[in-house]
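This is final_35.txt. It holds compact mmCIF, C-alpha atoms.
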```txt
# COMPACT_ATOMS: atom_id res chain seq x y z
CA GLY A 639 -74.78 -13.71 78.15
CA ASP A 640 -71.31 -14.80 79.17
CA SER A 641 -70.35 -18.43 78.64
CA VAL A 642 -67.41 -20.78 78.29
CA THR A 643 -67.09 -23.83 76.06
CA GLN A 644 -64.29 -26.33 76.45
CA MET A 645 -63.44 -29.54 74.71
CA GLU A 646 -65.07 -32.75 75.80
CA GLY A 647 -63.04 -35.30 77.66
CA PRO A 648 -61.59 -37.51 78.77
CA VAL A 649 -58.23 -36.85 77.19
CA THR A 650 -55.75 -39.70 77.55
CA LEU A 651 -52.06 -39.07 76.89
CA SER A 652 -48.80 -40.83 77.48
CA GLU A 653 -46.26 -39.22 79.77
CA GLU A 654 -44.21 -36.50 78.05
CA ALA A 655 -46.84 -35.96 75.36
CA PHE A 656 -47.97 -32.47 74.35
CA LEU A 657 -51.26 -31.30 75.81
CA THR A 658 -53.83 -28.92 74.39
CA ILE A 659 -57.25 -28.38 75.93
CA ASN A 660 -59.37 -26.00 73.91
CA CYS A 661 -61.46 -23.27 75.51
CA THR A 662 -63.53 -20.58 73.83
CA TYR A 663 -65.65 -17.93 75.44
CA THR A 664 -68.48 -15.51 74.84
CA ALA A 665 -68.55 -12.31 76.83
CA THR A 666 -70.24 -8.97 76.49
CA GLY A 667 -67.70 -7.03 78.53
CA TYR A 668 -63.99 -7.36 79.25
CA PRO A 669 -63.50 -10.76 80.80
CA SER A 670 -60.60 -12.16 82.74
CA LEU A 671 -59.87 -15.76 81.89
CA PHE A 672 -58.78 -18.61 84.12
CA TRP A 673 -57.87 -22.24 84.21
CA TYR A 674 -58.71 -24.14 87.36
CA VAL A 675 -57.61 -27.70 88.12
CA GLN A 676 -59.27 -30.25 90.35
CA TYR A 677 -57.21 -33.17 91.55
CA PRO A 678 -59.09 -36.23 92.84
CA GLY A 679 -60.77 -35.51 96.16
CA GLU A 680 -59.67 -31.88 96.24
CA GLY A 681 -61.18 -28.47 95.52
CA LEU A 682 -60.78 -26.30 92.47
CA GLN A 683 -57.32 -24.73 92.42
CA LEU A 684 -56.38 -21.74 90.32
CA LEU A 685 -53.82 -22.89 87.76
CA LEU A 686 -53.31 -19.69 85.78
CA LYS A 687 -55.07 -16.54 84.70
CA ALA A 688 -54.95 -13.72 82.16
CA THR A 689 -56.72 -10.44 82.68
CA LYS A 690 -56.48 -8.79 79.26
CA ALA A 691 -56.05 -9.57 75.59
CA ASP A 692 -52.66 -11.04 74.56
CA ASP A 693 -51.70 -11.79 78.16
CA LYS A 694 -50.16 -15.19 78.71
CA GLY A 695 -50.82 -16.98 81.96
CA SER A 696 -48.37 -19.65 83.02
CA ASN A 697 -47.79 -21.95 85.97
CA LYS A 698 -46.22 -25.38 86.54
CA GLY A 699 -45.34 -25.68 82.85
CA PHE A 700 -48.88 -24.91 81.71
CA GLU A 701 -49.58 -21.90 79.51
CA ALA A 702 -52.59 -20.19 78.01
CA THR A 703 -52.80 -17.03 75.92
CA TYR A 704 -55.81 -14.73 75.95
CA ARG A 705 -56.78 -14.39 72.27
CA LYS A 706 -59.47 -11.80 71.80
CA GLU A 707 -59.61 -12.19 68.02
CA THR A 708 -60.51 -15.87 68.33
CA THR A 709 -62.16 -15.57 71.77
CA SER A 710 -60.00 -18.42 72.97
CA PHE A 711 -57.86 -19.38 75.96
CA HIS A 712 -56.44 -22.79 75.12
CA LEU A 713 -54.40 -24.60 77.75
CA GLU A 714 -51.09 -26.13 76.69
CA LYS A 715 -48.24 -28.05 78.25
CA GLY A 716 -45.24 -29.30 76.41
CA SER A 717 -44.65 -32.48 78.37
CA VAL A 718 -47.30 -33.87 80.68
CA GLN A 719 -46.63 -36.00 83.73
CA VAL A 720 -48.73 -38.64 85.45
CA SER A 721 -49.21 -36.15 88.29
CA ASP A 722 -51.03 -33.82 85.88
CA SER A 723 -53.98 -36.23 85.77
CA ALA A 724 -56.93 -34.15 86.93
CA VAL A 725 -59.99 -32.30 85.70
CA TYR A 726 -59.31 -28.91 84.11
CA PHE A 727 -61.88 -26.13 84.07
CA CYS A 728 -61.78 -23.03 81.91
CA ALA A 729 -63.57 -20.03 83.42
CA LEU A 730 -64.18 -16.34 82.97
CA SER A 731 -65.15 -13.46 85.16
CA ASP A 732 -66.43 -10.23 83.74
CA LEU A 733 -64.88 -6.88 84.57
CA TYR A 734 -68.29 -5.48 85.35
CA ASN A 735 -69.50 -8.52 87.26
CA PHE A 736 -66.76 -9.60 89.62
CA ASN A 737 -69.08 -11.70 91.68
CA LYS A 738 -69.60 -14.43 89.16
CA PHE A 739 -67.40 -16.97 87.51
CA TYR A 740 -68.63 -18.74 84.40
CA PHE A 741 -67.14 -22.20 84.03
CA GLY A 742 -66.79 -24.69 81.24
CA SER A 743 -67.90 -28.25 81.84
CA GLY A 744 -64.39 -29.48 82.64
CA THR A 745 -62.01 -31.77 80.77
CA LYS A 746 -60.63 -34.85 82.45
CA LEU A 747 -56.99 -35.57 81.66
CA ASN A 748 -55.54 -39.02 82.17
CA VAL A 749 -51.79 -39.35 81.78
CA LYS A 750 -50.41 -42.89 81.47
CA PRO A 751 -46.84 -43.78 82.44
CA GLU B 122 -51.70 -22.97 103.48
CA PRO B 123 -55.20 -21.74 104.30
CA GLU B 124 -57.98 -23.61 102.56
CA VAL B 125 -61.72 -23.69 102.24
CA THR B 126 -63.29 -26.76 103.82
CA GLN B 127 -66.70 -28.28 103.24
CA THR B 128 -68.75 -30.83 105.12
CA PRO B 129 -70.02 -33.39 104.54
CA SER B 130 -68.16 -34.69 101.51
CA HIS B 131 -71.22 -36.70 100.50
CA GLN B 132 -74.83 -36.24 101.57
CA VAL B 133 -77.66 -38.57 100.65
CA THR B 134 -81.18 -37.39 101.32
CA GLN B 135 -84.72 -38.21 100.35
CA MET B 136 -86.77 -35.97 98.12
CA GLY B 137 -88.60 -33.31 100.12
CA GLN B 138 -86.11 -33.29 102.97
CA GLU B 139 -84.13 -30.26 104.06
CA VAL B 140 -80.35 -30.30 103.77
CA ILE B 141 -77.69 -27.95 105.04
CA LEU B 142 -74.31 -27.90 103.37
CA ARG B 143 -71.52 -26.39 105.40
CA CYS B 144 -68.43 -24.47 104.42
CA VAL B 145 -65.63 -22.85 106.38
CA PRO B 146 -64.10 -20.13 104.19
CA ILE B 147 -60.57 -18.82 104.60
CA SER B 148 -60.55 -16.81 107.79
CA ASN B 149 -59.75 -13.30 106.53
CA HIS B 150 -61.92 -13.53 103.42
CA LEU B 151 -64.97 -11.33 103.07
CA TYR B 152 -66.77 -12.62 99.99
CA PHE B 153 -68.42 -16.02 99.83
CA TYR B 154 -69.97 -18.00 97.02
CA TRP B 155 -71.81 -21.20 96.24
CA TYR B 156 -71.62 -22.98 92.92
CA ARG B 157 -73.00 -26.29 91.81
CA GLN B 158 -72.14 -28.82 89.15
CA ILE B 159 -74.71 -31.32 87.98
CA LEU B 160 -72.92 -34.43 86.77
CA GLY B 161 -71.55 -33.92 83.27
CA GLN B 162 -72.58 -30.28 83.15
CA LYS B 163 -70.95 -26.94 83.79
CA VAL B 164 -70.11 -25.47 87.15
CA GLU B 165 -72.88 -22.90 87.72
CA PHE B 166 -72.94 -19.85 89.95
CA LEU B 167 -75.65 -19.91 92.61
CA VAL B 168 -75.10 -17.02 94.97
CA SER B 169 -72.59 -14.55 96.36
CA PHE B 170 -72.62 -13.18 99.89
CA TYR B 171 -70.96 -10.19 101.46
CA ASN B 172 -71.46 -8.26 104.67
CA ASN B 173 -74.11 -10.69 105.85
CA GLU B 174 -76.31 -10.36 102.85
CA ILE B 175 -76.73 -11.78 99.38
CA SER B 176 -75.02 -9.58 96.83
CA GLU B 177 -76.05 -11.54 93.78
CA LYS B 178 -77.94 -14.70 92.96
CA SER B 179 -78.67 -16.68 89.84
CA GLU B 180 -82.07 -17.75 88.59
CA ILE B 181 -81.30 -21.22 89.96
CA PHE B 182 -81.26 -19.80 93.48
CA ASP B 183 -85.00 -19.76 94.10
CA ASP B 184 -86.98 -19.67 97.33
CA GLN B 185 -85.96 -23.22 98.16
CA PHE B 186 -82.38 -22.04 98.73
CA SER B 187 -80.99 -19.87 101.46
CA VAL B 188 -77.53 -18.97 102.73
CA GLU B 189 -76.33 -17.92 106.11
CA ARG B 190 -73.19 -17.07 107.99
CA PRO B 191 -74.39 -18.06 111.43
CA ASP B 192 -71.30 -17.63 113.52
CA GLY B 193 -68.59 -15.69 111.70
CA SER B 194 -66.76 -18.75 110.50
CA ASN B 195 -69.27 -21.08 108.84
CA PHE B 196 -71.11 -20.33 105.63
CA THR B 197 -74.08 -22.56 104.94
CA LEU B 198 -76.34 -23.38 102.03
CA LYS B 199 -79.78 -24.69 102.93
CA ILE B 200 -82.11 -26.40 100.52
CA ARG B 201 -85.53 -26.39 102.08
CA SER B 202 -87.26 -29.20 100.22
CA THR B 203 -84.90 -31.15 98.01
CA LYS B 204 -85.82 -32.32 94.52
CA LEU B 205 -84.22 -35.00 92.43
CA GLU B 206 -82.74 -32.33 90.19
CA ASP B 207 -80.85 -30.83 93.14
CA SER B 208 -78.47 -33.79 92.97
CA ALA B 209 -75.11 -32.23 92.17
CA MET B 210 -71.68 -31.33 93.49
CA TYR B 211 -71.86 -28.10 95.48
CA PHE B 212 -68.73 -25.96 95.75
CA CYS B 213 -68.15 -23.20 98.24
CA ALA B 214 -65.64 -20.47 97.46
CA SER B 215 -64.29 -17.37 99.14
CA SER B 216 -62.22 -14.38 98.15
CA ALA B 217 -60.47 -11.59 99.99
CA GLU B 218 -61.54 -8.80 97.67
CA ILE B 219 -64.26 -8.42 95.11
CA SER B 220 -61.70 -7.36 92.53
CA SER B 221 -59.07 -9.96 93.27
CA TYR B 222 -60.39 -12.23 90.52
CA GLU B 223 -59.21 -15.21 92.49
CA GLN B 224 -61.72 -17.30 94.34
CA TYR B 225 -60.56 -20.16 96.57
CA PHE B 226 -62.71 -23.24 96.28
CA GLY B 227 -63.48 -26.04 98.67
CA PRO B 228 -63.44 -29.74 97.71
CA GLY B 229 -67.19 -29.84 97.24
CA THR B 230 -70.12 -31.71 98.74
CA ARG B 231 -71.78 -34.33 96.60
CA LEU B 232 -75.53 -34.19 97.22
CA THR B 233 -77.59 -37.17 96.13
CA VAL B 234 -81.37 -36.85 96.32
CA THR B 235 -83.28 -40.12 96.10
```

In structure tokens, how does this file's structure come out?
Amino acid sequence: GDSVTQMEGPVTLSEEAFLTINCTYTATGYPSLFWYVQYPGEGLQLLLKATKADDKGSNKGFEATYRKETTSFHLEKGSVQVSDSAVYFCALSDLYNFNKFYFGSGTKLNVKP
Amino acid sequence: EPEVTQTPSHQVTQMGQEVILRCVPISNHLYFYWYRQILGQKVEFLVSFYNNEISEKSEIFDDQFSVERPDGSNFTLKIRSTKLEDSAMYFCASSAEISSYEQYFGPGTRLTVT
């Protein structure tokens, strides 16, 4: 079945450091891929998405490229800020199963000033 | 900006008791979902709801669970007889279209069963 695996956290970085959070997926169909972010006390917010292979999603300086050959969707940011501290969730939805999202377990990012 | 809201933010209940978790989806959305996240584990799909009926449910969503849209604005998840293993964060989500890919999530309700 479909599933998502993302790197364990927490990840602790200094401000302006480079961020990578790894995400790999297993899917039987043609998934769309997402990164959601959860700030303390808030809901899950869509950060970026990619709906087909080689698409790059980007938002707020974050990027992720849909790599079908490596079944990956790693999240990157060139220079993190303290305000980026949150939990990041990788997720997929299948073309033939729009109802369901499959999530990774989340990666907590702590950015120190 | 419209948002999904959930109440309460934290619910503590004793094993065997019934709980109702409440959600107010975004007003023009038609598709509604519940997910849960047991501490340290993945966010898991529970159920989707459209046109006043369940459109899909996971194997987690057994007879102890039910969902309802009682008044056109609220969307509730009821757990009939809670177990210790029901302790989790429960997220409600809604979307405007089934093919929009984007689901809007609420802040979650933390359920603690003692």

Might you pull out every residue within 9 Å of Ser187 of chain B, with all atoms listed in the file counted and same-chain residues fewer than 6 positions away left off, and present them as a PyMOL selection string? chain B and resi 197-201

Find the nearest atom pair between each residue of chain B and chain A for residues within 12 Å, count only C-alpha atoms, give distances in Å to one decimal, sort rows by chain and ascending number, and present the table as JSON lines.
```
{"residue": "B:Glu124", "atom": "CA", "partner": "A:Gly681", "partner_atom": "CA", "distance": 9.1}
{"residue": "B:Val125", "atom": "CA", "partner": "A:Gly681", "partner_atom": "CA", "distance": 8.3}
{"residue": "B:Thr126", "atom": "CA", "partner": "A:Gly681", "partner_atom": "CA", "distance": 8.7}
{"residue": "B:Gln127", "atom": "CA", "partner": "A:Gly681", "partner_atom": "CA", "distance": 9.5}
{"residue": "B:Ser130", "atom": "CA", "partner": "A:Gly679", "partner_atom": "CA", "distance": 9.2}
{"residue": "B:His131", "atom": "CA", "partner": "A:Gly679", "partner_atom": "CA", "distance": 11.4}
{"residue": "B:Tyr152", "atom": "CA", "partner": "A:Asn737", "partner_atom": "CA", "distance": 8.7}
{"residue": "B:Phe153", "atom": "CA", "partner": "A:Asn737", "partner_atom": "CA", "distance": 9.2}
{"residue": "B:Tyr154", "atom": "CA", "partner": "A:Asn737", "partner_atom": "CA", "distance": 8.3}
{"residue": "B:Trp155", "atom": "CA", "partner": "A:Lys738", "partner_atom": "CA", "distance": 10.0}
{"residue": "B:Tyr156", "atom": "CA", "partner": "A:Phe739", "partner_atom": "CA", "distance": 9.1}
{"residue": "B:Arg157", "atom": "CA", "partner": "A:Phe741", "partner_atom": "CA", "distance": 10.6}
{"residue": "B:Gln158", "atom": "CA", "partner": "A:Ser743", "partner_atom": "CA", "distance": 8.5}
{"residue": "B:Ile159", "atom": "CA", "partner": "A:Ser743", "partner_atom": "CA", "distance": 9.7}
{"residue": "B:Leu160", "atom": "CA", "partner": "A:Ser743", "partner_atom": "CA", "distance": 9.4}
{"residue": "B:Gly161", "atom": "CA", "partner": "A:Ser743", "partner_atom": "CA", "distance": 6.9}
{"residue": "B:Gln162", "atom": "CA", "partner": "A:Ser743", "partner_atom": "CA", "distance": 5.3}
{"residue": "B:Lys163", "atom": "CA", "partner": "A:Ser743", "partner_atom": "CA", "distance": 3.8}
{"residue": "B:Val164", "atom": "CA", "partner": "A:Phe741", "partner_atom": "CA", "distance": 5.4}
{"residue": "B:Glu165", "atom": "CA", "partner": "A:Tyr740", "partner_atom": "CA", "distance": 6.8}
{"residue": "B:Phe166", "atom": "CA", "partner": "A:Lys738", "partner_atom": "CA", "distance": 6.4}
{"residue": "B:Leu167", "atom": "CA", "partner": "A:Lys738", "partner_atom": "CA", "distance": 8.9}
{"residue": "B:Val168", "atom": "CA", "partner": "A:Lys738", "partner_atom": "CA", "distance": 8.4}
{"residue": "B:Ser169", "atom": "CA", "partner": "A:Asn737", "partner_atom": "CA", "distance": 6.5}
{"residue": "B:Phe170", "atom": "CA", "partner": "A:Asn737", "partner_atom": "CA", "distance": 9.1}
{"residue": "B:Tyr171", "atom": "CA", "partner": "A:Asn737", "partner_atom": "CA", "distance": 10.1}
{"residue": "B:Ile175", "atom": "CA", "partner": "A:Asn737", "partner_atom": "CA", "distance": 10.9}
{"residue": "B:Ser176", "atom": "CA", "partner": "A:Asn737", "partner_atom": "CA", "distance": 8.1}
{"residue": "B:Glu177", "atom": "CA", "partner": "A:Asn737", "partner_atom": "CA", "distance": 7.3}
{"residue": "B:Lys178", "atom": "CA", "partner": "A:Lys738", "partner_atom": "CA", "distance": 9.2}
{"residue": "B:Ser179", "atom": "CA", "partner": "A:Lys738", "partner_atom": "CA", "distance": 9.4}
{"residue": "B:Met210", "atom": "CA", "partner": "A:Gly681", "partner_atom": "CA", "distance": 11.1}
{"residue": "B:Tyr211", "atom": "CA", "partner": "A:Gly681", "partner_atom": "CA", "distance": 10.7}
{"residue": "B:Phe212", "atom": "CA", "partner": "A:Gly681", "partner_atom": "CA", "distance": 8.0}
{"residue": "B:Cys213", "atom": "CA", "partner": "A:Gly681", "partner_atom": "CA", "distance": 9.2}
{"residue": "B:Ala214", "atom": "CA", "partner": "A:Leu682", "partner_atom": "CA", "distance": 9.1}
{"residue": "B:Ser215", "atom": "CA", "partner": "A:Asn737", "partner_atom": "CA", "distance": 10.5}
{"residue": "B:Ser216", "atom": "CA", "partner": "A:Asn737", "partner_atom": "CA", "distance": 9.8}
{"residue": "B:Ala217", "atom": "CA", "partner": "A:Asn737", "partner_atom": "CA", "distance": 12.0}
{"residue": "B:Glu218", "atom": "CA", "partner": "A:Phe736", "partner_atom": "CA", "distance": 9.6}
{"residue": "B:Ile219", "atom": "CA", "partner": "A:Phe736", "partner_atom": "CA", "distance": 6.1}
{"residue": "B:Ser220", "atom": "CA", "partner": "A:Phe736", "partner_atom": "CA", "distance": 6.3}
{"residue": "B:Ser221", "atom": "CA", "partner": "A:Phe736", "partner_atom": "CA", "distance": 8.5}
{"residue": "B:Tyr222", "atom": "CA", "partner": "A:Phe736", "partner_atom": "CA", "distance": 7.0}
{"residue": "B:Glu223", "atom": "CA", "partner": "A:Leu684", "partner_atom": "CA", "distance": 7.4}
{"residue": "B:Gln224", "atom": "CA", "partner": "A:Leu684", "partner_atom": "CA", "distance": 8.0}
{"residue": "B:Tyr225", "atom": "CA", "partner": "A:Gln683", "partner_atom": "CA", "distance": 7.0}
{"residue": "B:Phe226", "atom": "CA", "partner": "A:Leu682", "partner_atom": "CA", "distance": 5.3}
{"residue": "B:Gly227", "atom": "CA", "partner": "A:Gly681", "partner_atom": "CA", "distance": 4.6}
{"residue": "B:Pro228", "atom": "CA", "partner": "A:Gly681", "partner_atom": "CA", "distance": 3.4}
{"residue": "B:Gly229", "atom": "CA", "partner": "A:Gly681", "partner_atom": "CA", "distance": 6.4}
{"residue": "B:Thr230", "atom": "CA", "partner": "A:Gly681", "partner_atom": "CA", "distance": 10.0}
{"residue": "B:Arg231", "atom": "CA", "partner": "A:Gly679", "partner_atom": "CA", "distance": 11.1}
```

So that I can check the surroundings of Gln138 of chain B, please list as a PyMOL selection string every protein, DNA and RNA residue that reaches within 12 Å of it, counting only C-alpha atoms and ignoring chain neighbours fewer than 6 positions away. chain B and resi 132+185+199-205+207+233-235

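With all atoms listed in the file as the atoms that count, the residue of A:Asp692, A:Thr745, A:Leu657, A:Pro751 with the shortest distance to Val675 of chain A is A:Thr745.
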
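Across the structure, atom CA of Phe196 of chain B and atom CA of Ala724 of chain A are spaced 27.2 Å apart.
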
Mind filling out segment 185-203 of chain B with N, CA, C and O atoms and sending it as a tab-separated table (two decimals), in the frame of the given file?
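So the final result, stored in selection_1.tsv, reads:
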```tsv
chain	number	residue	atom	x	y	z
B	185	GLN	N	-86.33	-22.00	97.46
B	185	GLN	CA	-85.96	-23.22	98.16
B	185	GLN	C	-84.56	-23.15	98.76
B	185	GLN	O	-84.19	-23.96	99.60
B	186	PHE	N	-83.77	-22.18	98.29
B	186	PHE	CA	-82.38	-22.04	98.73
B	186	PHE	C	-82.25	-20.86	99.69
B	186	PHE	O	-82.92	-19.84	99.55
B	187	SER	N	-81.35	-21.00	100.62
B	187	SER	CA	-80.99	-19.87	101.46
B	187	SER	C	-79.54	-20.04	101.91
B	187	SER	O	-79.01	-21.17	101.92
B	188	VAL	N	-78.91	-18.93	102.23
B	188	VAL	CA	-77.53	-18.97	102.73
B	188	VAL	C	-77.46	-18.18	104.02
B	188	VAL	O	-78.26	-17.26	104.26
B	189	GLU	N	-76.46	-18.54	104.81
B	189	GLU	CA	-76.33	-17.92	106.11
B	189	GLU	C	-74.88	-18.01	106.56
B	189	GLU	O	-74.17	-18.95	106.20
B	190	ARG	N	-74.49	-17.02	107.33
B	190	ARG	CA	-73.19	-17.07	107.99
B	190	ARG	C	-73.48	-16.97	109.48
B	190	ARG	O	-73.45	-15.89	110.06
B	191	PRO	N	-73.79	-18.09	110.09
B	191	PRO	CA	-74.39	-18.06	111.43
B	191	PRO	C	-73.47	-17.63	112.55
B	191	PRO	O	-73.93	-17.10	113.55
B	192	ASP	N	-72.15	-17.83	112.37
B	192	ASP	CA	-71.30	-17.63	113.52
B	192	ASP	C	-69.95	-16.99	113.19
B	192	ASP	O	-69.01	-17.09	113.95
B	193	GLY	N	-69.83	-16.36	112.05
B	193	GLY	CA	-68.59	-15.69	111.70
B	193	GLY	C	-67.53	-16.57	111.12
B	193	GLY	O	-66.51	-16.08	110.66
B	194	SER	N	-67.75	-17.89	111.13
B	194	SER	CA	-66.76	-18.75	110.50
B	194	SER	C	-67.40	-19.68	109.48
B	194	SER	O	-66.85	-19.93	108.42
B	195	ASN	N	-68.60	-20.19	109.78
B	195	ASN	CA	-69.27	-21.08	108.84
B	195	ASN	C	-70.08	-20.29	107.83
B	195	ASN	O	-70.55	-19.18	108.11
B	196	PHE	N	-70.26	-20.89	106.66
B	196	PHE	CA	-71.11	-20.33	105.63
B	196	PHE	C	-71.93	-21.50	105.11
B	196	PHE	O	-71.37	-22.49	104.64
B	197	THR	N	-73.25	-21.40	105.24
B	197	THR	CA	-74.08	-22.56	104.94
B	197	THR	C	-75.01	-22.30	103.77
B	197	THR	O	-75.44	-21.17	103.53
B	198	LEU	N	-75.33	-23.37	103.09
B	198	LEU	CA	-76.34	-23.38	102.03
B	198	LEU	C	-77.42	-24.34	102.46
B	198	LEU	O	-77.14	-25.52	102.73
B	199	LYS	N	-78.65	-23.85	102.55
B	199	LYS	CA	-79.78	-24.69	102.93
B	199	LYS	C	-80.69	-24.87	101.72
B	199	LYS	O	-81.01	-23.90	101.02
B	200	ILE	N	-81.08	-26.11	101.52
B	200	ILE	CA	-82.11	-26.40	100.52
B	200	ILE	C	-83.31	-26.89	101.29
B	200	ILE	O	-83.24	-27.93	101.99
B	201	ARG	N	-84.39	-26.16	101.19
B	201	ARG	CA	-85.53	-26.39	102.08
B	201	ARG	C	-86.24	-27.71	101.82
B	201	ARG	O	-86.54	-28.44	102.73
B	202	SER	N	-86.52	-27.99	100.58
B	202	SER	CA	-87.26	-29.20	100.22
B	202	SER	C	-86.62	-29.75	98.96
B	202	SER	O	-86.90	-29.28	97.84
B	203	THR	N	-85.73	-30.71	99.13
B	203	THR	CA	-84.90	-31.15	98.01
B	203	THR	C	-85.71	-31.86	96.92
B	203	THR	O	-86.71	-32.54	97.19
```
